[in-house]
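J.: Questions regarding the structure given below will be posed in turn.
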Amino acid sequence: MKKYKCILCGYIYDPAKGDPDNGVEPGTAFEDIPDGWVCPDCGAGKEEFEAI
């Protein structure tokens with residue numbers, strides 16, 4: 001699975017780690033994260049991320 005980077009702050013979403021503090025279990029592909037999820041570092045929406 002691809003990692004995604006927040007273009008505003010540089011946060012990297014790694015599907016292997018997920019974002020369990022915000023309800024995204026490890027192993028969750030970026031495309032499968034709920035649309036309401038935001039960057040845990042800066043609050044940007046999913047549209048501000050790009051595949052790396």
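Chain labels follow the order of the structure tokens: the first chain is A, the next B, and so on; residue numbering restarts at 1 in every chain, and ligands are counted from 1 in their shown order.
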Looking only at strand (DSSP E) from DSSP on the backbone, list the matching residues of segment 8-51 of chain A as an NGL selection string.

T.: :A and (12-13 or 49-51)

J.: Out of chain A, which residues get helix (DSSP H, G or I) from DSSP, as a list in words?

T.: Pro20, Asp21, Asn22, Phe30, Glu31, Asp32, Lys46, Glu47 and Glu48 of chain A

J.: Counting only C-alpha atoms, figure out which residue out of A:Val24, A:Ile52, A:Ala29, A:Cys39 gets nearest to Tyr11 of chain A.

T.: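 Nearest candidate to Tyr11 of chain A out of A:Val24, A:Ile52, A:Ala29, A:Cys39: A:Cys39.
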
J.: Taking only C-alpha atoms into account, name the residue in A:Lys3, A:Phe49, A:Gly43, A:Asp35 that is nearest to Pro15 of chain A.

T.: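 With only C-alpha atoms as the atom set, the closest residue is A:Lys3.
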
J.: Counting only C-alpha atoms, figure out which residue out of A:Ile33, A:Ala51, A:Cys42, A:Met1 gets nearest to Pro20 of chain A.

T.: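 Among A:Ile33, A:Ala51, A:Cys42, A:Met1, it is A:Ile33 that comes nearest to Pro20 of chain A.
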
J.: Env of Ala16 of chain A: 10 Å cut, atoms = only C-alpha atoms, seq-sep filter 3 positions within chain, self excluded. Answer as a PDB file with C-alpha atoms, in the first residue's frame.

T.:
ATOM      1  CA  MET A   1       0.000   0.000   0.000  1.00  0.00           C
ATOM      2  CA  LYS A   2       1.145   3.505  -0.814  1.00  0.00           C
ATOM      3  CA  LYS A   3       2.076   6.094   1.790  1.00  0.00           C
ATOM      4  CA  TYR A  13       0.230   8.534   6.514  1.00  0.00           C
ATOM      5  CA  ASP A  19      -3.814   6.400  12.821  1.00  0.00           C
ATOM      6  CA  GLU A  25      -6.777   0.903  12.341  1.00  0.00           C
ATOM      7  CA  PRO A  26      -3.364  -0.321  11.129  1.00  0.00           C
ATOM      8  CA  GLY A  27      -3.654  -1.863   7.660  1.00  0.00           C
ATOM      9  CA  THR A  28      -6.205   0.712   6.441  1.00  0.00           C
ATOM     10  CA  ALA A  29      -5.505   1.934   2.898  1.00  0.00           C
TER      11      ALA A  29
END
